[in-house]
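**Q** Next up, run32.pdb (PDB, C-alpha atoms).
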ATOM      1  CA  MET A   1      99.795 122.823  28.106
ATOM      2  CA  SER A   2      98.428 123.986  24.756
ATOM      3  CA  GLY A   3      99.396 120.715  23.048
ATOM      4  CA  GLU A   4      97.987 118.495  25.788
ATOM      5  CA  ALA A   5      94.473 118.214  24.357
ATOM      6  CA  LYS A   6      95.853 117.095  21.008
ATOM      7  CA  GLU A   7      97.486 114.072  22.668
ATOM      8  CA  ILE A   8      94.237 112.598  23.984
ATOM      9  CA  LEU A   9      94.040 109.170  22.378
ATOM     10  CA  LYS A  10      90.612 107.974  21.305
ATOM     11  CA  VAL A  11      90.547 104.234  21.873
ATOM     12  CA  ALA A  12      87.903 101.928  20.370
ATOM     13  CA  MET A  13      87.348  99.256  22.996
ATOM     14  CA  PRO A  14      85.281  96.106  22.511
ATOM     15  CA  LYS A  15      82.541  95.580  25.065
ATOM     16  CA  GLY A  16      82.491  92.483  27.245
ATOM     17  CA  ARG A  17      85.141  89.854  27.866
ATOM     18  CA  ILE A  18      87.942  91.466  25.853
ATOM     19  CA  TYR A  19      87.430  94.869  27.500
ATOM     20  CA  LYS A  20      87.896  93.422  30.980
ATOM     21  CA  GLN A  21      91.150  91.719  29.983
ATOM     22  CA  ALA A  22      92.379  94.786  28.067
ATOM     23  CA  SER A  23      91.605  97.219  30.892
ATOM     24  CA  LYS A  24      93.440  94.908  33.324
ATOM     25  CA  LEU A  25      96.478  94.942  31.005
ATOM     26  CA  PHE A  26      96.316  98.734  30.691
ATOM     27  CA  ARG A  27      96.199  99.056  34.496
ATOM     28  CA  GLU A  28      99.227  96.785  34.824
ATOM     29  CA  ALA A  29     100.978  99.142  32.404
ATOM     30  CA  GLY A  30     100.376 101.979  34.877
ATOM     31  CA  LEU A  31      97.404 103.659  33.209
ATOM     32  CA  PRO A  32      94.845 105.066  35.668
ATOM     33  CA  ILE A  33      91.710 103.255  34.475
ATOM     34  CA  PRO A  34      89.107 102.907  37.261
ATOM     35  CA  SER A  35      87.912  99.328  37.731
ATOM     36  CA  ASP A  36      84.321 100.528  38.187
ATOM     37  CA  PHE A  37      84.211 101.140  34.431
ATOM     38  CA  ASP A  38      84.443  97.390  33.786
ATOM     39  CA  ASP A  39      80.662  97.009  34.001
ATOM     40  CA  THR A  40      79.567 100.462  32.868
ATOM     41  CA  ARG A  41      76.865 100.993  30.261
ATOM     42  CA  LYS A  42      78.398 104.273  29.126
ATOM     43  CA  LEU A  43      79.365 104.351  25.456
ATOM     44  CA  ILE A  44      82.064 107.022  25.811
ATOM     45  CA  ILE A  45      84.367 106.988  28.836
ATOM     46  CA  GLU A  46      86.619 110.010  29.336
ATOM     47  CA  LEU A  47      89.917 109.242  31.067
ATOM     48  CA  PRO A  48      91.802 112.575  31.133
ATOM     49  CA  GLU A  49      94.318 111.330  33.729
ATOM     50  CA  ALA A  50      95.334 108.566  31.293
ATOM     51  CA  GLY A  51      95.218 110.886  28.278
ATOM     52  CA  MET A  52      92.540 108.686  26.725
ATOM     53  CA  GLU A  53      88.916 108.474  25.762
ATOM     54  CA  PHE A  54      87.362 105.033  25.376
ATOM     55  CA  ILE A  55      84.702 104.467  22.718
ATOM     56  CA  MET A  56      82.829 101.320  23.707
ATOM     57  CA  ALA A  57      81.932  99.349  20.583
ATOM     58  CA  LYS A  58      80.792  95.956  19.390
ATOM     59  CA  PRO A  59      83.997  93.989  18.731
ATOM     60  CA  VAL A  60      83.259  93.654  15.004
ATOM     61  CA  ASP A  61      82.956  97.454  14.665
ATOM     62  CA  VAL A  62      86.294  98.365  16.281
ATOM     63  CA  PRO A  63      88.414  98.233  13.090
ATOM     64  CA  THR A  64      85.816 100.318  11.221
ATOM     65  CA  TYR A  65      86.021 103.080  13.848
ATOM     66  CA  VAL A  66      89.809 102.991  13.617
ATOM     67  CA  GLU A  67      89.946 102.878   9.812
ATOM     68  CA  TYR A  68      87.710 105.956   9.539
ATOM     69  CA  GLY A  69      89.655 107.838  12.191
ATOM     70  CA  VAL A  70      86.921 108.389  14.777
ATOM     71  CA  ALA A  71      89.229 106.327  17.004
ATOM     72  CA  ASP A  72      93.015 106.678  16.889
ATOM     73  CA  ILE A  73      93.673 103.169  18.121
ATOM     74  CA  GLY A  74      91.647 100.111  19.044
ATOM     75  CA  VAL A  75      91.735  96.691  20.661
ATOM     76  CA  VAL A  76      90.385  93.928  18.433
ATOM     77  CA  GLY A  77      90.577  90.167  18.048
ATOM     78  CA  LYS A  78      92.654  88.697  15.233
ATOM     79  CA  ASP A  79      89.488  86.924  14.039
ATOM     80  CA  VAL A  80      87.812  90.272  13.314
ATOM     81  CA  LEU A  81      90.941  91.637  11.612
ATOM     82  CA  MET A  82      91.142  88.587   9.341
ATOM     83  CA  GLU A  83      87.444  88.760   8.463
ATOM     84  CA  GLU A  84      87.074  92.531   8.017
ATOM     85  CA  ASN A  85      90.426  93.222   6.289
ATOM     86  CA  LYS A  86      90.391  96.940   7.190
ATOM     87  CA  ASP A  87      93.107  99.431   6.232
ATOM     88  CA  VAL A  88      94.722  99.848   9.664
ATOM     89  CA  TYR A  89      98.129  99.306  11.243
ATOM     90  CA  GLU A  90      98.459  96.234  13.465
ATOM     91  CA  LEU A  91     100.859  97.408  16.177
ATOM     92  CA  LEU A  92     100.995  94.846  18.938
ATOM     93  CA  ASP A  93      99.838  91.374  19.921
ATOM     94  CA  LEU A  94      98.330  91.925  23.368
ATOM     95  CA  GLY A  95      98.246  88.194  24.126
ATOM     96  CA  ILE A  96      94.765  88.391  25.693
ATOM     97  CA  ALA A  97      91.441  86.680  24.905
ATOM     98  CA  LYS A  98      93.230  83.602  23.541
ATOM     99  CA  CYS A  99      91.238  81.151  21.457
ATOM    100  CA  ARG A 100      91.382  79.664  17.950
ATOM    101  CA  MET A 101      89.421  79.556  14.723
ATOM    102  CA  SER A 102      88.456  76.000  13.864
ATOM    103  CA  VAL A 103      86.443  73.746  11.596
ATOM    104  CA  ILE A 104      83.797  71.964  13.666
ATOM    105  CA  GLY A 105      81.251  69.245  12.968
ATOM    106  CA  LEU A 106      79.432  66.179  14.217
ATOM    107  CA  PRO A 107      81.711  63.225  15.062
ATOM    108  CA  ASP A 108      80.167  61.057  12.314
ATOM    109  CA  TRP A 109      80.603  63.714   9.602
ATOM    110  CA  LYS A 110      81.451  62.392   6.148
ATOM    111  CA  PRO A 111      82.261  64.425   3.000
ATOM    112  CA  THR A 112      79.255  65.265   0.832
ATOM    113  CA  ILE A 113      78.871  66.280  -2.823
ATOM    114  CA  HIS A 114      77.712  69.844  -2.139
ATOM    115  CA  PRO A 115      79.147  70.645   1.318
ATOM    116  CA  ARG A 116      77.782  73.612   3.228
ATOM    117  CA  VAL A 117      79.685  75.482   5.925
ATOM    118  CA  ALA A 118      77.971  77.892   8.314
ATOM    119  CA  THR A 119      79.929  80.675   9.995
ATOM    120  CA  LYS A 120      80.042  84.232  11.288
ATOM    121  CA  TYR A 121      83.285  84.570   9.306
ATOM    122  CA  PRO A 122      82.450  83.981   5.612
ATOM    123  CA  ASN A 123      85.662  85.573   4.284
ATOM    124  CA  VAL A 124      87.876  83.537   6.613
ATOM    125  CA  ALA A 125      85.996  80.312   5.859
ATOM    126  CA  SER A 126      85.981  80.858   2.078
ATOM    127  CA  ALA A 127      89.717  81.612   2.016
ATOM    128  CA  TYR A 128      90.535  78.574   4.161
ATOM    129  CA  PHE A 129      88.605  76.035   2.078
ATOM    130  CA  ARG A 130      89.890  77.603  -1.145
ATOM    131  CA  GLU A 131      93.447  77.071   0.125
ATOM    132  CA  GLN A 132      92.535  73.458   0.905
ATOM    133  CA  GLY A 133      91.263  72.981  -2.647
ATOM    134  CA  GLN A 134      87.745  72.293  -1.371
ATOM    135  CA  GLN A 135      84.617  73.770  -2.929
ATOM    136  CA  VAL A 136      82.016  74.625  -0.293
ATOM    137  CA  GLU A 137      78.917  76.756  -0.018
ATOM    138  CA  VAL A 138      79.421  79.224   2.840
ATOM    139  CA  ILE A 139      76.314  80.255   4.791
ATOM    140  CA  LYS A 140      76.558  83.430   6.883
ATOM    141  CA  LEU A 141      74.967  83.223  10.331
ATOM    142  CA  ASN A 142      75.109  85.728  13.177
ATOM    143  CA  GLY A 143      74.637  83.581  16.245
ATOM    144  CA  SER A 144      74.276  80.031  17.637
ATOM    145  CA  ILE A 145      76.473  78.679  14.847
ATOM    146  CA  GLU A 146      76.566  75.305  16.634
ATOM    147  CA  LEU A 147      72.933  74.741  15.654
ATOM    148  CA  ALA A 148      73.714  74.499  11.934
ATOM    149  CA  PRO A 149      75.081  70.900  11.818
ATOM    150  CA  MET A 150      72.625  69.766  14.488
ATOM    151  CA  ILE A 151      69.573  70.751  12.424
ATOM    152  CA  GLY A 152      71.024  69.903   9.001
ATOM    153  CA  LEU A 153      71.566  73.462   7.760
ATOM    154  CA  ALA A 154      75.274  72.850   7.208
ATOM    155  CA  ASP A 155      77.708  69.939   7.225
ATOM    156  CA  ARG A 156      80.350  71.815   9.199
ATOM    157  CA  ILE A 157      80.890  75.196  10.830
ATOM    158  CA  VAL A 158      83.828  77.553  11.182
ATOM    159  CA  ASP A 159      83.877  79.315  14.540
ATOM    160  CA  MET A 160      86.013  80.364  17.482
ATOM    161  CA  VAL A 161      86.872  77.782  20.115
ATOM    162  CA  GLU A 162      88.080  78.749  23.576
ATOM    163  CA  THR A 163      87.563  75.835  25.954
ATOM    164  CA  GLY A 164      85.450  73.579  23.720
ATOM    165  CA  GLN A 165      82.775  73.274  26.412
ATOM    166  CA  THR A 166      79.934  74.488  24.164
ATOM    167  CA  LEU A 167      80.949  72.007  21.476
ATOM    168  CA  ARG A 168      81.009  69.085  23.888
ATOM    169  CA  GLU A 169      77.622  70.019  25.344
ATOM    170  CA  ASN A 170      76.134  69.981  21.848
ATOM    171  CA  GLY A 171      77.804  66.788  20.635
ATOM    172  CA  LEU A 172      80.223  68.532  18.259
ATOM    173  CA  VAL A 173      83.947  67.989  17.735
ATOM    174  CA  GLU A 174      86.782  70.232  16.636
ATOM    175  CA  MET A 175      88.152  68.865  13.357
ATOM    176  CA  GLU A 176      90.878  71.274  12.304
ATOM    177  CA  ALA A 177      92.396  74.391  13.863
ATOM    178  CA  ILE A 178      92.776  77.158  11.255
ATOM    179  CA  PHE A 179      94.698  79.811  13.239
ATOM    180  CA  GLY A 180      95.239  81.023  16.778
ATOM    181  CA  ILE A 181      93.496  84.191  17.964
ATOM    182  CA  THR A 182      94.556  86.883  20.407
ATOM    183  CA  SER A 183      93.578  90.546  20.685
ATOM    184  CA  ARG A 184      95.700  93.121  18.870
ATOM    185  CA  LEU A 185      96.339  96.837  19.241
ATOM    186  CA  ILE A 186      95.609  98.594  15.948
ATOM    187  CA  ALA A 187      96.001 102.199  14.810
ATOM    188  CA  ASN A 188      94.545 104.565  12.251
ATOM    189  CA  ARG A 189      97.200 105.356   9.646
ATOM    190  CA  VAL A 190      96.911 109.148   9.953
ATOM    191  CA  SER A 191      96.720 109.052  13.760
ATOM    192  CA  TYR A 192      99.857 106.923  13.846
ATOM    193  CA  ARG A 193     101.733 109.787  12.194
ATOM    194  CA  MET A 194     100.006 112.712  13.939
ATOM    195  CA  LYS A 195      99.981 111.205  17.446
ATOM    196  CA  ASN A 196     103.021 108.989  17.106
ATOM    197  CA  ASP A 197     104.613 109.985  20.422
ATOM    198  CA  ALA A 198     101.504 109.113  22.434
ATOM    199  CA  ILE A 199     100.823 105.892  20.527
ATOM    200  CA  GLN A 200     104.441 104.737  20.676
ATOM    201  CA  SER A 201     104.616 105.531  24.393
ATOM    202  CA  LEU A 202     101.532 103.372  24.996
ATOM    203  CA  CYS A 203     102.987 100.540  22.884
ATOM    204  CA  ASP A 204     106.251 100.666  24.851
ATOM    205  CA  ARG A 205     104.435 100.500  28.192
ATOM    206  CA  LEU A 206     102.263  97.616  27.040
ATOM    207  CA  GLN A 207     105.252  95.718  25.634
ATOM    208  CA  GLU A 208     107.122  96.070  28.936
ATOM    209  CA  THR A 209     104.064  94.810  30.801
ATOM    210  CA  LEU A 210     103.621  91.851  28.445
ATOM    211  CA  ALA A 211     107.306  90.968  28.765
ATOM    212  CA  ALA A 212     106.967  91.019  32.563
ATOM    213  CA  ARG A 213     103.967  88.645  32.343
ATOM    214  CA  VAL A 214     105.990  85.927  30.633
TER     215      VAL A 214
END
Go ahead and render the structure in this file as structure tokens.
**A**
Amino acid sequence: MSGEAKEILKVAMPKGRIYKQASKLFREAGLPIPSDFDDTRKLIIELPEAGMEFIMAKPVDVPTYVEYGVADIGVVGKDVLMEENKDVYELLDLGIAKCRMSVIGLPDWKPTIHPRVATKYPNVASAYFREQGQQVEVIKLNGSIELAPMIGLADRIVDMVETGQTLRENGLVEMEAIFGITSRLIANRVSYRMKNDAIQSLCDRLQETLAARV
């Protein structure tokens, strides 16, 4: 019993859509996570029966919490991992919250001399166009990225696409897919050593559940 408290896993969980899919996956893996927490406004959720404590965070902050060790593990989209480039272990592809990172623009877009690209993901966008041998000016925006080509702020945008409905409603088209996105389970490097049994046990249960889903 004395070692039980040490095995409580602190889990950084993204609020919103990903949390609902992740908590459903965790329940399928046999973890006792009450469904009434799906819409809670609490920022810290204690789950002693599951041996966990959820820290509810903005998705972009999850890898920071894990890197600094205030959370042992976390659930985060591949888009955030690629953009933030934090020093964490990527343990498992959870296969949830599927979408893709794409280059998007107006259907009549033509190359310009000084192209501008607006995005929430400046590191991802810069790396992609550099690999393509294209020089672009990247403009960082935090929301409503679709506006940028519509109002002339940028020629194209780089953003996540799930169904494409928002693009179609705003007269935009997907030009190139950059990479596919799913949510990943990540771990703090020290926690992975110190709490390896608990983390590995969780990974095994999730892997079995994911295999059964296929």
**Q** Could you expand the PyMOL selection byres ((chain A and resi 146) around 9) into the explicit residues it covers here, written as a PyMOL selection string?
**A** chain A and resi 104-105+118+143-145+147-150+157+159+166-167+170+172
**Q** Determine the residue set returned by the PyMOL selection byres ((chain A and resi 8) around 12) for the present structure, and present it as a PyMOL selection string.
**A** chain A and resi 3-7+9-11+46-54+71-73+191+194-199+202
**Q** What would the selection look like, as a ChimeraX atom specification, if the PyMOL selection byres ((chain A and resi 176-188) around 7) were run on the coordinates I just shared?
**A** /A:66-67,69,72-79,88-103,174-175,189-192
**Q** Taking into account all atoms listed in the file, which residue in the set A:Phe37, A:Tyr121, A:Phe26, A:Tyr19 is nearest to A:Pro59?
**A**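 The shortest atom-to-atom distance to A:Pro59 comes from A:Tyr19.
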**Q** Please write as a list in words the list of polymer residues whose atoms come within 10 Å of (79.6, 68.5, -1.6), counting only C-alpha atoms and keeping to the coordinates of the file.
**A** Pro111, Thr112, Ile113, His114, Pro115, Arg116, Gln134, Gln135, Val136, Glu137 and Asp155 of chain A
**Q** If I take atom CA of A:Ile44 and atom CA of A:Val70, how far is one from the other in Å, to one decimal?
**A**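 One can read the atom CA of A:Ile44 to atom CA of A:Val70 distance as 12.1 Å.
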**Q** How many Å separate atom CA of A:Glu162 from atom CA of A:Thr119?
**A**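 These atoms are spaced 16.0 Å apart.
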**Q** Could you work out how far atom CA of A:Glu28 lies from atom CA of A:Leu206, giving the answer in Å with one decimal?
**A**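 Straight-line distance from atom CA of A:Leu206 to atom CA of A:Glu28 works out to 8.4 Å.
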**Q** Let me make sure I understand: among A:Gly171, A:Lys15, A:Lys20, A:Leu25, which one has the smallest atom-to-atom distance to A:Ala212 if we use all atoms listed in the file?
**A** A:Leu25
**Q** Kindly compute an axis-aligned box around the listed atoms of stretch 128-135 of chain A, allowing 8 Å on each side, and express its centre and edge lengths in Å to one decimal as JSON.
**A**
{"center_x": 89.0, "center_y": 75.4, "center_z": 0.6, "size_x": 24.8, "size_y": 22.3, "size_z": 23.1}
**Q** Find the residue from A:Ala57, A:Val117, A:Leu31, A:Ala154 that sits nearest to A:Ala12; use only C-alpha atoms when measuring.
**A**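 Going through A:Ala57, A:Val117, A:Leu31, A:Ala154 one by one, the smallest distance to A:Ala12 is for A:Ala57.
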**Q** I'd like the contact shell of A:Arg205 - 10 Å cut-off, only C-alpha atoms, skipping same-chain residues fewer than 2 positions apart - returned as a PDB file with C-alpha atoms, in the coordinates of the input.
**A**
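out.pdb written:
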ATOM      1  CA  PHE A  26      96.316  98.734  30.691  1.00  0.00           C
ATOM      2  CA  GLU A  28      99.227  96.785  34.824  1.00  0.00           C
ATOM      3  CA  ALA A  29     100.978  99.142  32.404  1.00  0.00           C
ATOM      4  CA  GLY A  30     100.376 101.979  34.877  1.00  0.00           C
ATOM      5  CA  LEU A  31      97.404 103.659  33.209  1.00  0.00           C
ATOM      6  CA  GLN A 200     104.441 104.737  20.676  1.00  0.00           C
ATOM      7  CA  SER A 201     104.616 105.531  24.393  1.00  0.00           C
ATOM      8  CA  LEU A 202     101.532 103.372  24.996  1.00  0.00           C
ATOM      9  CA  CYS A 203     102.987 100.540  22.884  1.00  0.00           C
ATOM     10  CA  GLN A 207     105.252  95.718  25.634  1.00  0.00           C
ATOM     11  CA  GLU A 208     107.122  96.070  28.936  1.00  0.00           C
ATOM     12  CA  THR A 209     104.064  94.810  30.801  1.00  0.00           C
ATOM     13  CA  LEU A 210     103.621  91.851  28.445  1.00  0.00           C
ATOM     14  CA  ALA A 211     107.306  90.968  28.765  1.00  0.00           C
TER      15      ALA A 211
END
